[in-house]
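As stored in run-v3.tsv (TSV, C-alpha atoms (C1' of nucleotides)):
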chain	number	residue	atom	x	y	z
L	1	MET	CA	0.00	0.00	0.00
L	2	LEU	CA	1.17	3.53	-0.65
L	3	PHE	CA	-0.09	4.84	2.69
L	4	THR	CA	0.45	3.65	6.22
L	5	THR	CA	-2.00	1.18	7.71
L	6	ALA	CA	-3.21	3.88	10.10
L	7	THR	CA	-4.28	6.01	7.15
L	8	GLY	CA	-5.99	3.06	5.52
L	9	TYR	CA	-7.87	2.31	8.74
L	10	ALA	CA	-8.89	5.95	9.05
L	11	LEU	CA	-10.29	6.06	5.54
L	12	ARG	CA	-12.19	2.83	6.01
L	13	ALA	CA	-13.62	4.08	9.29
L	14	LEU	CA	-14.68	7.40	7.79
L	15	ALA	CA	-16.33	5.58	4.91
L	16	ALA	CA	-18.30	3.50	7.40
L	17	MET	CA	-19.58	6.44	9.47
L	18	PRO	CA	-23.35	6.89	9.47
L	19	GLU	CA	-24.55	9.30	6.82
L	20	ASP	CA	-27.12	11.00	9.03
L	21	GLY	CA	-24.68	12.76	11.34
L	22	SER	CA	-25.40	10.60	14.35
L	23	TYR	CA	-22.60	9.65	16.70
L	24	CYS	CA	-21.06	6.23	16.40
L	25	LEU	CA	-18.71	4.32	18.63
L	26	ALA	CA	-15.10	3.44	17.92
L	27	LYS	CA	-15.84	-0.03	19.23
L	28	ASP	CA	-18.67	-0.56	16.76
L	29	LEU	CA	-16.65	0.67	13.83
L	30	ALA	CA	-13.81	-1.62	14.78
L	31	SER	CA	-15.98	-4.70	15.03
L	32	ARG	CA	-17.82	-3.97	11.80
L	33	LEU	CA	-14.59	-3.39	9.91
L	34	GLU	CA	-12.70	-6.09	11.79
L	35	LEU	CA	-9.97	-3.69	12.84
L	36	PRO	CA	-8.01	-3.62	16.12
L	37	GLY	CA	-10.27	-1.66	18.46
L	38	PRO	CA	-7.87	0.30	20.67
L	39	TYR	CA	-5.70	1.20	17.72
L	40	LEU	CA	-8.64	2.47	15.70
L	41	ALA	CA	-9.77	4.51	18.70
L	42	LYS	CA	-6.40	6.18	18.86
L	43	ILE	CA	-6.51	6.96	15.15
L	44	LEU	CA	-9.98	8.46	15.46
L	45	GLN	CA	-8.74	10.67	18.26
L	46	GLY	CA	-6.09	11.94	15.89
L	47	LEU	CA	-8.80	12.79	13.38
L	48	VAL	CA	-10.55	14.79	16.07
L	49	GLN	CA	-7.45	16.90	16.55
L	50	ALA	CA	-7.28	17.39	12.78
L	51	ASP	CA	-10.83	18.74	12.84
L	52	ILE	CA	-12.10	15.93	10.64
L	53	LEU	CA	-14.11	14.26	13.40
L	54	GLU	CA	-15.75	15.59	16.54
L	55	SER	CA	-16.46	13.53	19.60
L	56	VAL	CA	-18.44	13.48	22.80
L	57	ARG	CA	-17.63	11.33	25.78
L	58	GLY	CA	-19.86	9.17	27.86
L	59	PRO	CA	-23.04	7.28	27.12
L	60	LYS	CA	-24.69	8.32	23.85
L	61	GLY	CA	-21.33	9.71	22.87
L	62	GLY	CA	-19.04	8.70	20.06
L	63	PHE	CA	-17.59	10.21	16.90
L	64	ARG	CA	-19.08	11.97	13.91
L	65	LEU	CA	-17.88	14.00	10.95
L	66	THR	CA	-17.42	17.72	11.50
L	67	ARG	CA	-18.69	18.40	7.97
L	68	PRO	CA	-20.77	16.68	5.31
L	69	ALA	CA	-18.88	13.75	3.86
L	70	HIS	CA	-18.58	15.39	0.46
L	71	ARG	CA	-16.63	18.25	2.01
L	72	ILE	CA	-13.83	16.07	3.43
L	73	THR	CA	-11.26	14.96	0.90
L	74	VAL	CA	-9.13	11.85	1.01
L	75	GLY	CA	-6.09	14.07	0.66
L	76	GLU	CA	-7.00	15.95	3.80
L	77	VAL	CA	-7.07	12.72	5.77
L	78	VAL	CA	-3.76	11.56	4.32
L	79	ILE	CA	-2.11	14.85	5.19
L	80	ALA	CA	-3.55	14.81	8.69
L	81	LEU	CA	-2.04	11.40	9.40
L	82	GLU	CA	1.14	11.36	7.31
L	83	GLY	CA	2.08	14.98	6.93
L	84	PRO	CA	2.19	17.02	3.74
L	85	ASN	CA	5.36	15.47	2.28
L	86	SER	CA	4.49	11.80	2.29
L	87	MET	CA	4.98	11.43	-1.46
L	88	GLU	CA	8.13	13.48	-1.89
L	89	GLY	CA	11.43	12.17	-3.07
L	90	CYS	CA	12.85	9.91	-5.75
L	91	ILE	CA	11.02	6.61	-6.18
L	92	MET	CA	14.33	4.74	-6.04
L	93	GLY	CA	15.88	6.89	-3.35
L	94	PHE	CA	18.53	8.50	-5.52
L	95	PRO	CA	19.48	11.64	-3.62
L	96	SER	CA	20.66	13.36	-6.78
L	97	CYS	CA	17.44	12.75	-8.68
L	98	GLY	CA	15.72	15.98	-9.61
L	99	GLY	CA	14.44	18.11	-12.42
L	100	ASP	CA	17.80	18.49	-14.14
L	101	HIS	CA	19.15	15.04	-13.23
L	102	PRO	CA	16.13	12.79	-13.48
L	103	CYS	CA	16.45	9.11	-12.77
L	104	PRO	CA	14.97	6.80	-15.42
L	105	LEU	CA	11.74	6.53	-13.47
L	106	HIS	CA	11.56	10.20	-12.56
L	107	ASP	CA	9.03	11.27	-15.16
L	108	ALA	CA	6.81	8.24	-14.79
L	109	TRP	CA	6.85	8.62	-11.04
L	110	GLY	CA	6.22	12.33	-11.22
L	111	ALA	CA	3.19	11.78	-13.41
L	112	VAL	CA	1.98	9.17	-11.00
L	113	LYS	CA	2.36	11.42	-8.01
L	114	ALA	CA	0.54	14.23	-9.74
L	115	GLN	CA	-2.26	11.92	-10.77
L	116	VAL	CA	-2.65	10.46	-7.31
L	117	ALA	CA	-2.46	13.88	-5.70
L	118	THR	CA	-5.20	15.17	-7.95
L	119	SER	CA	-7.37	12.15	-7.32
L	120	MET	CA	-6.85	12.55	-3.59
L	121	THR	CA	-7.98	16.14	-3.55
L	122	GLU	CA	-10.99	15.32	-5.69
L	123	ALA	CA	-12.14	12.13	-3.99
L	124	THR	CA	-14.14	12.70	-0.82
L	125	ILE	CA	-15.32	10.57	2.03
L	126	ARG	CA	-18.70	10.58	0.32
L	127	ASP	CA	-17.19	8.72	-2.60
L	128	LEU	CA	-15.81	6.14	-0.19
L	129	GLN	CA	-19.20	5.75	1.46
L	130	LEU	CA	-20.81	5.08	-1.89
L	131	MET	CA	-18.26	2.45	-2.75
L	132	ASP	CA	-18.75	0.86	0.63
L	133	LEU	CA	-22.51	0.78	0.20
L	134	ARG	CA	-22.17	-0.92	-3.16
L	135	ASN	CA	-20.13	-3.67	-1.57
L	136	VAL	CA	-22.53	-4.21	1.28
L	137	LYS	CA	-25.58	-4.34	-0.98
L	138	GLU	CA	-24.02	-6.99	-3.15
L	139	GLY	CA	-22.95	-9.02	-0.16
L	140	LYS	CA	-19.24	-8.79	-0.72
L	141	GLY	CA	-18.33	-6.53	2.17
L	142	ARG	CA	-18.64	-6.81	5.88
L	143	PRO	CA	-21.05	-9.36	7.29
L	144	SER	CA	-24.17	-8.00	8.90
L	145	ASP	CA	-23.89	-8.31	12.64
L	146	GLY	CA	-26.85	-10.64	12.99
L	147	ARG	CA	-28.76	-8.57	15.51
L	148	PRO	CA	-32.46	-8.47	14.63
B	1	MET	CA	9.91	6.40	-1.38
B	2	LEU	CA	7.91	3.65	-3.00
B	3	PHE	CA	10.56	1.00	-2.40
B	4	THR	CA	12.41	-0.07	0.72
B	5	THR	CA	15.70	1.61	1.50
B	6	ALA	CA	17.48	-1.69	0.82
B	7	THR	CA	16.20	-1.64	-2.76
B	8	GLY	CA	17.23	1.98	-3.16
B	9	TYR	CA	20.73	1.19	-1.87
B	10	ALA	CA	20.96	-1.78	-4.22
B	11	LEU	CA	20.05	0.31	-7.25
B	12	ARG	CA	22.48	3.03	-6.32
B	13	ALA	CA	25.24	0.47	-5.81
B	14	LEU	CA	24.52	-1.24	-9.13
B	15	ALA	CA	24.57	2.12	-10.86
B	16	ALA	CA	28.00	2.80	-9.37
B	17	MET	CA	29.58	-0.49	-10.42
B	18	PRO	CA	32.47	-0.19	-12.85
B	19	GLU	CA	31.43	-0.52	-16.47
B	20	ASP	CA	34.40	-2.64	-17.52
B	21	GLY	CA	33.40	-5.79	-15.66
B	22	SER	CA	36.13	-5.54	-13.04
B	23	TYR	CA	35.43	-6.56	-9.49
B	24	CYS	CA	34.76	-3.88	-6.94
B	25	LEU	CA	34.53	-3.95	-3.17
B	26	ALA	CA	31.43	-3.48	-1.07
B	27	LYS	CA	33.50	-1.24	1.17
B	28	ASP	CA	34.48	1.06	-1.69
B	29	LEU	CA	30.94	1.32	-3.00
B	30	ALA	CA	29.70	2.16	0.48
B	31	SER	CA	32.22	4.92	1.02
B	32	ARG	CA	31.67	6.42	-2.43
B	33	LEU	CA	27.90	6.40	-2.02
B	34	GLU	CA	28.06	7.24	1.69
B	35	LEU	CA	25.99	4.22	2.62
B	36	PRO	CA	26.32	2.00	5.73
B	37	GLY	CA	29.02	-0.46	4.78
B	38	PRO	CA	27.97	-3.70	6.48
B	39	TYR	CA	24.37	-3.20	5.45
B	40	LEU	CA	25.28	-2.63	1.82
B	41	ALA	CA	27.48	-5.73	1.92
B	42	LYS	CA	24.53	-7.79	3.08
B	43	ILE	CA	22.33	-6.38	0.33
B	44	LEU	CA	24.95	-7.16	-2.31
B	45	GLN	CA	25.09	-10.73	-1.04
B	46	GLY	CA	21.36	-10.94	-1.65
B	47	LEU	CA	21.91	-9.78	-5.21
B	48	VAL	CA	24.44	-12.57	-5.67
B	49	GLN	CA	21.81	-15.12	-4.69
B	50	ALA	CA	19.42	-13.48	-7.15
B	51	ASP	CA	22.00	-13.97	-9.92
B	52	ILE	CA	22.34	-10.25	-10.49
B	53	LEU	CA	25.85	-10.04	-9.08
B	54	GLU	CA	28.66	-12.55	-8.83
B	55	SER	CA	31.40	-12.42	-6.26
B	56	VAL	CA	34.79	-13.79	-5.43
B	57	ARG	CA	36.29	-13.84	-1.96
B	58	GLY	CA	39.69	-12.90	-0.82
B	59	PRO	CA	42.19	-10.34	-2.05
B	60	LYS	CA	41.43	-9.03	-5.53
B	61	GLY	CA	37.90	-10.22	-4.98
B	62	GLY	CA	34.69	-8.26	-4.84
B	63	PHE	CA	31.44	-8.03	-6.77
B	64	ARG	CA	30.57	-7.54	-10.41
B	65	LEU	CA	27.50	-7.80	-12.60
B	66	THR	CA	26.67	-11.22	-14.01
B	67	ARG	CA	25.52	-9.59	-17.26
B	68	PRO	CA	26.03	-6.36	-19.17
B	69	ALA	CA	24.31	-3.52	-17.39
B	70	HIS	CA	21.78	-3.04	-20.17
B	71	ARG	CA	20.53	-6.60	-19.64
B	72	ILE	CA	19.58	-6.10	-15.98
B	73	THR	CA	16.32	-4.26	-15.43
B	74	VAL	CA	15.34	-2.16	-12.47
B	75	GLY	CA	12.25	-4.34	-12.09
B	76	GLU	CA	14.38	-7.43	-11.72
B	77	VAL	CA	16.23	-5.85	-8.81
B	78	VAL	CA	13.03	-4.72	-7.16
B	79	ILE	CA	11.53	-8.20	-7.44
B	80	ALA	CA	14.69	-9.80	-6.12
B	81	LEU	CA	14.61	-7.68	-2.98
B	82	GLU	CA	10.90	-7.09	-2.38
B	83	GLY	CA	9.20	-10.04	-4.01
B	84	PRO	CA	6.86	-10.00	-6.98
B	85	ASN	CA	3.84	-8.53	-5.21
B	86	SER	CA	5.27	-5.37	-3.74
B	87	MET	CA	2.85	-3.12	-5.59
B	88	GLU	CA	-0.29	-5.19	-5.21
B	89	GLY	CA	-3.35	-4.14	-3.31
B	90	CYS	CA	-5.57	-1.12	-2.91
B	91	ILE	CA	-3.74	2.16	-2.44
B	92	MET	CA	-5.91	2.96	0.57
B	93	GLY	CA	-5.99	-0.57	1.94
B	94	PHE	CA	-9.64	-1.26	1.23
B	95	PRO	CA	-9.88	-5.04	1.23
B	96	SER	CA	-12.97	-4.99	-0.95
B	97	CYS	CA	-11.41	-2.80	-3.62
B	98	GLY	CA	-11.19	-4.58	-6.94
B	99	GLY	CA	-12.20	-4.56	-10.54
B	100	ASP	CA	-15.92	-4.61	-9.88
B	101	HIS	CA	-15.82	-2.56	-6.67
B	102	PRO	CA	-13.16	0.04	-7.33
B	103	CYS	CA	-12.32	2.60	-4.71
B	104	PRO	CA	-12.24	6.22	-5.91
B	105	LEU	CA	-8.50	6.03	-6.43
B	106	HIS	CA	-8.51	2.57	-7.99
B	107	ASP	CA	-8.23	3.61	-11.60
B	108	ALA	CA	-5.69	6.34	-11.00
B	109	TRP	CA	-3.62	4.00	-8.88
B	110	GLY	CA	-3.94	1.17	-11.37
B	111	ALA	CA	-2.71	3.40	-14.17
B	112	VAL	CA	0.15	4.47	-11.98
B	113	LYS	CA	1.15	0.96	-11.14
B	114	ALA	CA	1.04	-0.08	-14.77
B	115	GLN	CA	3.12	2.91	-15.76
B	116	VAL	CA	5.71	2.32	-13.08
B	117	ALA	CA	5.81	-1.40	-13.81
B	118	THR	CA	6.42	-0.73	-17.47
B	119	SER	CA	9.11	1.81	-16.71
B	120	MET	CA	10.74	-0.63	-14.34
B	121	THR	CA	10.95	-3.39	-16.89
B	122	GLU	CA	12.28	-1.00	-19.52
B	123	ALA	CA	14.82	0.89	-17.42
B	124	THR	CA	18.08	-0.94	-16.95
B	125	ILE	CA	21.10	-0.56	-14.73
B	126	ARG	CA	22.80	0.99	-17.75
B	127	ASP	CA	20.31	3.84	-17.63
B	128	LEU	CA	21.12	4.37	-13.98
B	129	GLN	CA	24.85	4.43	-14.73
B	130	LEU	CA	24.33	7.11	-17.35
B	131	MET	CA	22.35	9.26	-14.96
B	132	ASP	CA	24.97	8.80	-12.30
B	133	LEU	CA	27.75	9.83	-14.69
B	134	ARG	CA	25.89	12.99	-15.62
B	135	ASN	CA	25.72	13.96	-11.98
B	136	VAL	CA	29.38	13.30	-11.32
B	137	LYS	CA	30.54	15.21	-14.38
B	138	GLU	CA	28.61	18.27	-13.38
B	139	GLY	CA	29.81	18.06	-9.83
B	140	LYS	CA	26.46	17.54	-8.18
B	141	GLY	CA	26.86	13.97	-7.05
B	142	ARG	CA	29.11	12.26	-4.58
B	143	PRO	CA	32.18	14.12	-3.39
B	144	SER	CA	35.54	12.70	-4.40
B	145	ASP	CA	37.09	11.05	-1.36
B	146	GLY	CA	39.99	13.43	-1.14
B	147	ARG	CA	42.74	10.81	-1.13
B	148	PRO	CA	45.63	11.89	-3.37
D	1	DC	C1'	-24.86	11.40	44.16
D	2	DT	C1'	-23.60	7.07	42.13
D	3	DA	C1'	-22.87	3.80	38.56
D	4	DA	C1'	-22.11	2.95	33.90
D	5	DT	C1'	-20.34	4.31	29.43
D	6	DT	C1'	-17.45	6.37	26.43
D	7	DT	C1'	-13.50	9.37	24.71
D	8	DA	C1'	-8.62	11.14	26.11
D	9	DA	C1'	-3.96	10.54	27.16
D	10	DG	C1'	0.01	8.29	27.77
D	11	DA	C1'	2.88	4.35	28.99
D	12	DC	C1'	3.79	-0.02	27.51
D	13	DT	C1'	4.68	-4.22	24.29
D	14	DT	C1'	5.28	-6.27	19.73
D	15	DT	C1'	6.96	-6.55	15.10
D	16	DA	C1'	9.60	-5.73	11.03
D	17	DG	C1'	12.94	-3.17	8.65
D	18	DA	C1'	17.46	-1.05	9.16
D	19	DG	C1'	21.91	-1.51	10.57
D	20	DT	C1'	26.04	-3.68	13.31
D	21	DC	C1'	29.17	-7.27	14.81
D	22	DC	C1'	31.68	-11.44	14.84
D	23	DG	C1'	33.35	-15.83	13.48
D	24	DT	C1'	33.97	-18.71	9.17
D	25	DT	C1'	35.34	-19.60	4.56
D	26	DT	C1'	37.86	-18.73	0.35
D	27	DA	C1'	41.32	-16.81	-2.26
D	28	DT	C1'	45.89	-14.21	-3.04
D	29	DA	C1'	50.67	-12.94	-1.93
D	30	DG	C1'	54.85	-13.73	0.04
X	1	DC	C1'	52.62	-22.62	4.95
X	2	DT	C1'	51.33	-18.27	6.84
X	3	DA	C1'	49.30	-13.85	6.84
X	4	DT	C1'	46.02	-10.99	4.85
X	5	DA	C1'	41.96	-9.54	2.42
X	6	DA	C1'	37.75	-10.19	1.07
X	7	DA	C1'	32.76	-12.32	0.86
X	8	DC	C1'	29.58	-15.24	3.69
X	9	DG	C1'	26.32	-16.31	7.40
X	10	DG	C1'	24.09	-15.67	11.41
X	11	DA	C1'	23.21	-13.48	15.64
X	12	DC	C1'	22.68	-9.30	17.54
X	13	DT	C1'	20.98	-4.20	18.42
X	14	DC	C1'	18.31	-0.08	17.13
X	15	DT	C1'	14.28	2.34	15.57
X	16	DA	C1'	9.74	3.48	14.27
X	17	DA	C1'	5.24	1.86	13.21
X	18	DA	C1'	1.61	-1.08	14.93
X	19	DG	C1'	-1.02	-2.43	18.53
X	20	DT	C1'	-2.34	-3.02	23.74
X	21	DC	C1'	-3.33	-1.58	28.39
X	22	DT	C1'	-4.38	1.41	32.21
X	23	DT	C1'	-5.96	5.44	34.31
X	24	DA	C1'	-8.39	9.79	34.08
X	25	DA	C1'	-12.09	12.87	32.57
X	26	DA	C1'	-16.68	13.76	30.82
X	27	DT	C1'	-21.41	12.68	30.11
X	28	DT	C1'	-25.85	10.25	30.88
X	29	DA	C1'	-29.29	7.48	33.52
X	30	DG	C1'	-31.25	6.25	37.66
Would you kindly transcribe this structure into structure tokens?
Amino acid sequence: MLFTTATGYALRALAAMPEDGSYCLAKDLASRLELPGPYLAKILQGLVQADILESVRGPKGGFRLTRPAHRITVGEVVIALEGPNSMEGCIMGFPSCGGDHPCPLHDAWGAVKAQVATSMTEATIRDLQLMDLRNVKEGKGRPSDGRP
Amino acid sequence: MLFTTATGYALRALAAMPEDGSYCLAKDLASRLELPGPYLAKILQGLVQADILESVRGPKGGFRLTRPAHRITVGEVVIALEGPNSMEGCIMGFPSCGGDHPCPLHDAWGAVKAQVATSMTEATIRDLQLMDLRNVKEGKGRPSDGRP
DNA sequence: CTAATTTAAGACTTTAGAGTCCGTTTATAG
DNA sequence: CTATAAACGGACTCTAAAGTCTTAAATTAG
């Protein structure tokens, strides 16, 4: 994967948040997505500090998006968790690689980075929710939890 | 970087190998490239097992390419050190992401992977040597070691 | 007020990659 | 044959990411 597992977990959790703005629990997200609970909780707390989620403690508490899902981009989440420079540098690690001394993969990699960066700023959590829904409806995603 | 540091070191070392087929020492490569010596030596030993380098022990020994530099691709080195699946999987880590349930970055990432994969199988160690030479000639690369 | 529930915060453990160290083996030079 | 120079192999340490655990703080229900 291009991103860290924490970022992947965060995106999956955001995609699984309820669409109606109600609060949901870290514990529930973790069990639905089959992710390590305490670790996911810590990641969600980081998203609170990044102003992507807001939280309330205690019974009836939980996490929810600070904004409508279509106003939170994937890129914003990546930057919040990995910093703004996560895709910098030569793909092969050549320190001398640059505009005037490109390595053989420099142009291909540069195009790739630009493409991914653009896609990240255009894709929103809403898009992830829609994908997630598709999977659930067709029975390929998470199992329903069996409660009537 | 997309690859591990070991792969980056390997590519830089291969690019710095002498072009005339003479043996060169892990120690010398490490000092020229300013890389950790014992670690580079271990990586080079891995390349011997992958039939990319051959070695002889003892005085006058060292490492050299098993083939002309233009017959060793960057992709071959990457596969030798990271396995054949290093670029598989969803960029965001969505386990359900696939051809019929693409995540919002799936197509962009797929194009990227294809592009990089193609470039990797086309670029050879020879190409890296040429880039390296350019840098040295124009004085941007490694410093000469100062010994008279 | 008390008990229960949930996030918050931070210390702790685990794991894998990065990097070091040491003893062994193989070859060369004298 | 001996000393030296190198690769070889494995065990070891270091570091950061991944993941766990414990305690505190906030909120709700009774």
Which chain B residues have any atom within 8 Å of an atom of chain X, and for each, what is the nearest pair of atoms with distance in Å to one decimal, counting all atoms listed in the file, rows sorted by chain and number, as JSON lines?
{"residue": "B:Gln45", "atom": "CA", "partner": "X:DC8", "partner_atom": "C1'", "distance": 7.9}
{"residue": "B:Ser55", "atom": "CA", "partner": "X:DA7", "partner_atom": "C1'", "distance": 7.2}
{"residue": "B:Val56", "atom": "CA", "partner": "X:DA7", "partner_atom": "C1'", "distance": 6.8}
{"residue": "B:Arg57", "atom": "CA", "partner": "X:DA7", "partner_atom": "C1'", "distance": 4.8}
{"residue": "B:Gly58", "atom": "CA", "partner": "X:DA6", "partner_atom": "C1'", "distance": 3.8}
{"residue": "B:Pro59", "atom": "CA", "partner": "X:DA5", "partner_atom": "C1'", "distance": 4.5}
{"residue": "B:Lys60", "atom": "CA", "partner": "X:DA6", "partner_atom": "C1'", "distance": 7.6}
{"residue": "B:Gly61", "atom": "CA", "partner": "X:DA6", "partner_atom": "C1'", "distance": 6.1}
{"residue": "B:Gly62", "atom": "CA", "partner": "X:DA6", "partner_atom": "C1'", "distance": 6.9}
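Chains of identical sequence, chain B and chain L give a C-alpha root-mean-square deviation of 0.4 Å after superposition over all matched alpha carbons.
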Edge lengths and centre in Å, axis-aligned, segment 115-121 of chain L plus 3 Å each side, as JSON:
{"center_x": -5.1, "center_y": 13.3, "center_z": -7.2, "size_x": 11.7, "size_y": 11.7, "size_z": 13.2}
Give the answer as one residue: which of L:Leu53, L:Leu105, L:Ile72, L:Ala26 has the shortest atom-to-atom distance to chain D, using only C-alpha atoms (C1' of nucleotides)?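 Once distances to chain D are computed over only C-alpha atoms (C1' of nucleotides), the minimum belongs to L:Ala26.
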Identify all chain B residues at most 8 Å from chain L by counting all atoms listed in the file; ligands do not count. Present them as a PyMOL selection string. chain B and resi 1-3+5+7-9+11-12+87-94+96+101-105+108-109+112+115-116+119-120+123+127-128+131+134-135+140-141
Would you save the residues from that selection as a CSV table (one decimal), in the frame of the given file, using C-alpha atoms?
chain,number,residue,atom,x,y,z
B,1,MET,CA,9.9,6.4,-1.4
B,2,LEU,CA,7.9,3.6,-3.0
B,3,PHE,CA,10.6,1.0,-2.4
B,5,THR,CA,15.7,1.6,1.5
B,7,THR,CA,16.2,-1.6,-2.8
B,8,GLY,CA,17.2,2.0,-3.2
B,9,TYR,CA,20.7,1.2,-1.9
B,11,LEU,CA,20.0,0.3,-7.2
B,12,ARG,CA,22.5,3.0,-6.3
B,87,MET,CA,2.8,-3.1,-5.6
B,88,GLU,CA,-0.3,-5.2,-5.2
B,89,GLY,CA,-3.4,-4.1,-3.3
B,90,CYS,CA,-5.6,-1.1,-2.9
B,91,ILE,CA,-3.7,2.2,-2.4
B,92,MET,CA,-5.9,3.0,0.6
B,93,GLY,CA,-6.0,-0.6,1.9
B,94,PHE,CA,-9.6,-1.3,1.2
B,96,SER,CA,-13.0,-5.0,-1.0
B,101,HIS,CA,-15.8,-2.6,-6.7
B,102,PRO,CA,-13.2,0.0,-7.3
B,103,CYS,CA,-12.3,2.6,-4.7
B,104,PRO,CA,-12.2,6.2,-5.9
B,105,LEU,CA,-8.5,6.0,-6.4
B,108,ALA,CA,-5.7,6.3,-11.0
B,109,TRP,CA,-3.6,4.0,-8.9
B,112,VAL,CA,0.2,4.5,-12.0
B,115,GLN,CA,3.1,2.9,-15.8
B,116,VAL,CA,5.7,2.3,-13.1
B,119,SER,CA,9.1,1.8,-16.7
B,120,MET,CA,10.7,-0.6,-14.3
B,123,ALA,CA,14.8,0.9,-17.4
B,127,ASP,CA,20.3,3.8,-17.6
B,128,LEU,CA,21.1,4.4,-14.0
B,131,MET,CA,22.4,9.3,-15.0
B,134,ARG,CA,25.9,13.0,-15.6
B,135,ASN,CA,25.7,14.0,-12.0
B,140,LYS,CA,26.5,17.5,-8.2
B,141,GLY,CA,26.9,14.0,-7.0
What are the residues of chain D that have an atom within 10 Å of an atom of chain L, counting all atoms listed in the file, as number ranges by chain? D: 4-9
Deliver the residues from the most recent selection as a file, using C-alpha atoms (C1' of nucleotides), as a CSV table (one decimal), keeping the file's coordinate frame.
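Once written, result_21.csv looks like this:
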chain,number,residue,atom,x,y,z
D,4,DA,C1',-22.1,3.0,33.9
D,5,DT,C1',-20.3,4.3,29.4
D,6,DT,C1',-17.4,6.4,26.4
D,7,DT,C1',-13.5,9.4,24.7
D,8,DA,C1',-8.6,11.1,26.1
D,9,DA,C1',-4.0,10.5,27.2
When you draw a straight line from atom CA of Leu81 of chain B to atom CA of Ile52 of chain B, how long is it in Å?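 One can read the atom CA of Leu81 of chain B to atom CA of Ile52 of chain B distance as 11.1 Å.
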Each residue of segment 18-45 of chain B with at least one atom at most 12 Å from segment 14-30 of chain D should appear once, together with its nearest atom pair and the corresponding distance in Å (one decimal); atoms considered: only C-alpha atoms (C1' of nucleotides); ordering: chain, then increasing residue number; output as JSON lines.
{"residue": "B:Leu35", "atom": "CA", "partner": "D:DG19", "partner_atom": "C1'", "distance": 10.6}
{"residue": "B:Pro36", "atom": "CA", "partner": "D:DG19", "partner_atom": "C1'", "distance": 7.4}
{"residue": "B:Gly37", "atom": "CA", "partner": "D:DG19", "partner_atom": "C1'", "distance": 9.2}
{"residue": "B:Pro38", "atom": "CA", "partner": "D:DT20", "partner_atom": "C1'", "distance": 7.1}
{"residue": "B:Tyr39", "atom": "CA", "partner": "D:DG19", "partner_atom": "C1'", "distance": 5.9}
{"residue": "B:Leu40", "atom": "CA", "partner": "D:DG19", "partner_atom": "C1'", "distance": 9.4}
{"residue": "B:Ala41", "atom": "CA", "partner": "D:DG19", "partner_atom": "C1'", "distance": 11.1}
{"residue": "B:Lys42", "atom": "CA", "partner": "D:DG19", "partner_atom": "C1'", "distance": 10.1}
{"residue": "B:Ile43", "atom": "CA", "partner": "D:DG19", "partner_atom": "C1'", "distance": 11.3}
Between atom CA of Leu65 of chain L and atom CA of Tyr23 of chain L - distance in Å to one decimal: 8.6 Å
